[in-house]
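Participant: Below: one structure in structure tokens.
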Amino acid sequence: MKAFVSWALARRYRLIVLATALAPIIPVAATALISLETVRRGSLQGGYSAALSILGVLLLAFVSGAGVQFAGTLGVATLVAGVGVGCLVRWSRSMALAFQAIVLLCFFGVLGSGVLWPDPSVVFDPLIENFVETLSASGATEEQINVIQGWQPMLLGVLFATLFLQLSGALLLAFYWLAFTDGGWSFGEQFRSLRLGRVLGWPATLVVGLGMAFNVLLVQNLVPLALVCFLFQGLSVLHAWSKSRQWHPAVLGVLYLSMITPLTGVVMLLLSSVGLLDNWINMRALMRPR
């Protein structure tokens with residue numbers, strides 16, 4: 001991996017070509033590449049590389065006959081986000097602080113959209129209807145369609161939770177690659193210290209509690225984001241436990257594999273619960289080194 005990072009950073013065009021190729025298929029990797037460039041060379045150079053990558057995405061879409069407008073929107077969102085994440089990392093030099101800034105951005109995004117756009121069904125209803133028609137044509141059962149339709153009121157929250165996953169995934173990947181450079185960056189130690197903190201953890205816990213008690217649309221749209229935030233913190237806690245007690249790597253391997261099985265929902269909810277509790281009782285301290 002160190003050879004790959006050194007190779008990509010050695011020549012700007014290599015990183016631009018990689019970001020252009022990955023933006024349509026693995027956007028989180030493209031965002032992380034531009035973040036890496038921004039951290040290493042500064043925001044101005046990172047923006048320059050992002051602009052060239054966007055032009056590459058547009059050219060690729062034009063040559064391949066894909067939708068230029070859609071590709072341009074995706075490319076701009078993906079690569080500009082890379083500059084933003086890189087600036088956060090360069091400023092804070094802390095995964096936790098950058099993570100918390102992303103949480104705040106998405107949190108206020110949901111709040112702002114809920115206040116300024118009180119009836120998102122005007123846009124989302126046609127999308128859901130088209131998706132349901134596609135599912136029906138492909139032979140989906142009525143129960144599966146009902147599940148999709150049941151998510152309709154929370155679609156705004158799901159979209160921002162997806163955005164959060166994209167940005168946080170890029171943050172983690174950028175930190176992982178930075179650990180192979182000569183800047184004194186670390187990944188494992190910073191990830192094991194990842195947490196929302198009391199300032200963000202308190203409102204996130206309140207959102208989860210209110211979401212379980214009341215059917216308020218704005219609160220319901222904040223719940224997916226809060227649970228995903230606590231999911232990352234729960235993973236951080238488990239990695240801290242693994243490091244502290246020297247667990248076999250297979251333990252965490254089985255955990256990650258269980259997240260792509262029919263038990264995905266249960267496992268993710270348990271991890272989110274661990275992350276939520278860690279904000280209040282410091283679950284990392286429950287396992288001391290031997």
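Residue numbering restarts at 1 for every chain of the structure tokens, chains are lettered A, B, ... in their displayed order, and ligands are numbered from 1 as they appear.
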Write out, as a Markdown table, each residue of range 139-256 of chain A that has an atom at most 10 Å from range 37-50 of chain A, together with the closest pair of atoms and their distance in Å to one decimal, counting only C-alpha atoms, rows going by chain and rising number.

Facilitator:
| residue | atom | partner | partner_atom | distance |
| --- | --- | --- | --- | --- |
| A:Ala174 | CA | A:Val39 | CA | 9.0 |
| A:Phe175 | CA | A:Val39 | CA | 9.9 |
| A:Leu178 | CA | A:Val39 | CA | 8.6 |
| A:Thr181 | CA | A:Arg40 | CA | 9.2 |
| A:Gly183 | CA | A:Arg40 | CA | 8.7 |

Participant: Using only C-alpha atoms, determine which residues lie at most 9 Å from Gly234 in chain A, disregarding the query and same-chain residues fewer than 4 positions distant; provide the list as a list in words.

Facilitator: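 Within the cut-off, the hits are Arg195, Cys229, Phe230, Leu238, His239, Leu270, Leu271, Ser272, Ser273, Val274, Gly275, Leu276, Leu277 and Asp278 of chain A.
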
Participant: Please produce an output containing N, CA and C atoms for each residue in the selection, written as a short mmCIF file (atom, residue, chain, number, x, y, z; two decimals), in the first residue's frame.

Facilitator:
data_model
loop_
_atom_site.label_atom_id
_atom_site.label_comp_id
_atom_site.auth_asym_id
_atom_site.auth_seq_id
_atom_site.Cartn_x
_atom_site.Cartn_y
_atom_site.Cartn_z
N ARG A 195 -14.94 9.47 18.41
CA ARG A 195 -16.17 9.57 19.19
C ARG A 195 -16.88 10.87 18.85
N CYS A 229 -23.89 7.65 12.86
CA CYS A 229 -22.79 8.26 13.64
C CYS A 229 -22.38 7.37 14.79
N PHE A 230 -23.35 6.86 15.53
CA PHE A 230 -23.04 5.98 16.65
C PHE A 230 -22.47 4.65 16.17
N LEU A 238 -14.99 -1.21 19.53
CA LEU A 238 -14.60 -2.61 19.37
C LEU A 238 -13.14 -2.73 18.94
N HIS A 239 -12.68 -1.82 18.10
CA HIS A 239 -11.27 -1.86 17.72
C HIS A 239 -10.38 -1.52 18.92
N LEU A 270 -26.85 -3.03 17.09
CA LEU A 270 -26.06 -3.32 18.29
C LEU A 270 -24.81 -2.45 18.35
N LEU A 271 -24.15 -2.28 17.20
CA LEU A 271 -22.96 -1.43 17.16
C LEU A 271 -23.31 0.03 17.48
N SER A 272 -24.44 0.48 16.96
CA SER A 272 -24.89 1.85 17.26
C SER A 272 -25.18 2.00 18.74
N SER A 273 -25.73 0.96 19.36
CA SER A 273 -26.01 1.01 20.79
C SER A 273 -24.72 1.10 21.60
N VAL A 274 -23.71 0.36 21.16
CA VAL A 274 -22.40 0.43 21.83
C VAL A 274 -21.82 1.84 21.73
N GLY A 275 -21.92 2.43 20.53
CA GLY A 275 -21.42 3.78 20.35
C GLY A 275 -22.16 4.80 21.19
N LEU A 276 -23.47 4.65 21.29
CA LEU A 276 -24.27 5.57 22.10
C LEU A 276 -23.88 5.48 23.58
N LEU A 277 -23.76 4.25 24.07
CA LEU A 277 -23.40 4.07 25.48
C LEU A 277 -22.00 4.59 25.78
N ASP A 278 -21.11 4.47 24.79
CA ASP A 278 -19.72 4.90 25.01
C ASP A 278 -19.63 6.40 25.27
#

Participant: Find the spatial neighbours of Asn221 in chain A, counting only C-alpha atoms, within a cut-off of 9 Å - ignore same-chain residues fewer than 6 positions away - and output them as a compact mmCIF listing (two decimals) with N, CA and C atoms, in the first residue's frame.

Facilitator:
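Wrote out18.txt, looks like this:
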# COMPACT_ATOMS: atom_id res chain seq x y z
N VAL A 110 -29.82 18.33 7.32
CA VAL A 110 -31.17 17.78 7.53
C VAL A 110 -32.09 18.85 8.13
N LEU A 111 -31.58 19.57 9.13
CA LEU A 111 -32.40 20.62 9.77
C LEU A 111 -32.78 21.70 8.76
N GLY A 114 -35.26 20.40 6.28
CA GLY A 114 -36.57 20.21 6.88
C GLY A 114 -37.32 21.50 7.11
N PRO A 153 -41.24 8.61 3.96
CA PRO A 153 -41.17 9.84 4.77
C PRO A 153 -39.77 10.15 5.28
N MET A 154 -38.90 9.11 5.40
CA MET A 154 -37.56 9.30 5.96
C MET A 154 -36.49 9.38 4.87
N LEU A 155 -36.91 9.54 3.62
CA LEU A 155 -35.94 9.51 2.52
C LEU A 155 -34.92 10.64 2.62
N LEU A 156 -35.35 11.80 3.09
CA LEU A 156 -34.41 12.92 3.25
C LEU A 156 -33.31 12.54 4.24
N GLY A 157 -33.70 11.94 5.36
CA GLY A 157 -32.72 11.51 6.35
C GLY A 157 -31.81 10.42 5.83
N VAL A 158 -32.37 9.50 5.03
CA VAL A 158 -31.55 8.43 4.45
C VAL A 158 -30.53 9.01 3.49
N PHE A 160 -29.13 12.01 3.60
CA PHE A 160 -28.05 12.67 4.35
C PHE A 160 -27.20 11.64 5.10
N GLY A 211 -37.13 9.93 18.51
CA GLY A 211 -37.57 9.15 17.36
C GLY A 211 -38.30 7.89 17.74

Participant: Excluding Lys243 in chain A and any residue of its chain fewer than 3 positions from it, enumerate the residues within 10 Å of it, using only C-alpha atoms, and give them as a PyMOL selection string.

Facilitator: chain A and resi 188-189+192+237-240+246-249+287+289

Participant: Mind writing the picked residues with C-alpha atoms as an mmCIF file, in the first residue's frame?

Facilitator:
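Written output follows (part38.cif):
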data_model
loop_
_atom_site.group_PDB
_atom_site.id
_atom_site.type_symbol
_atom_site.label_atom_id
_atom_site.label_comp_id
_atom_site.auth_asym_id
_atom_site.auth_seq_id
_atom_site.Cartn_x
_atom_site.Cartn_y
_atom_site.Cartn_z
ATOM 1 C CA GLY A 188 -5.188 2.980 14.085
ATOM 2 C CA GLU A 189 -4.661 5.201 17.121
ATOM 3 C CA ARG A 192 -9.644 3.919 18.148
ATOM 4 C CA VAL A 237 -14.906 0.975 20.611
ATOM 5 C CA LEU A 238 -14.602 -2.605 19.369
ATOM 6 C CA HIS A 239 -11.270 -1.856 17.721
ATOM 7 C CA ALA A 240 -10.077 -0.290 20.984
ATOM 8 C CA GLN A 246 -5.136 -8.506 21.838
ATOM 9 C CA TRP A 247 -8.048 -10.272 20.194
ATOM 10 C CA HIS A 248 -7.394 -12.483 17.212
ATOM 11 C CA PRO A 249 -7.999 -10.565 13.937
ATOM 12 C CA MET A 287 -11.407 -3.441 29.080
ATOM 13 C CA PRO A 289 -4.812 -4.054 29.014
#

Participant: Out of A:Val208, A:Val199, A:Ala161, A:Met283, which residue has the shortest atom-to-atom distance to Leu235 in chain A when counting only C-alpha atoms?

Facilitator: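 With only C-alpha atoms as the atom set, the closest residue is A:Met283.
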
Participant: Residues within 9 Å of Gln166 in chain A, please, as a PyMOL selection string. Count only C-alpha atoms; anything in the same chain fewer than 4 positions from it doesn't count.

Facilitator: chain A and resi 27-28+31+78+161-162+170-171

Participant: Taking C-alpha atoms for each residue, export the selection above as a PDB file, in the first residue's frame.

Facilitator:
ATOM      1  CA  PRO A  27     -16.892   7.742  -5.502  1.00  0.00           C
ATOM      2  CA  VAL A  28     -15.648   7.300  -1.926  1.00  0.00           C
ATOM      3  CA  THR A  31     -13.053  11.639  -2.751  1.00  0.00           C
ATOM      4  CA  THR A  78     -17.567  13.755  -5.281  1.00  0.00           C
ATOM      5  CA  ALA A 161     -27.024   9.467   6.152  1.00  0.00           C
ATOM      6  CA  THR A 162     -25.704   8.211   2.798  1.00  0.00           C
ATOM      7  CA  ALA A 170     -13.424   9.068   2.430  1.00  0.00           C
ATOM      8  CA  LEU A 171     -12.048  10.532   5.677  1.00  0.00           C
TER       9      LEU A 171
END

Participant: Using DSSP on the backbone coordinates, identify all residues within range 44-287 of chain A classified as helix (DSSP H, G or I); present the result as an MDAnalysis selection string.

Facilitator: chainID A and resid 44:64 68:92 95:116 121:137 142:150 152:178 188:192 197:213 217:245 249:258 264:281 283:286
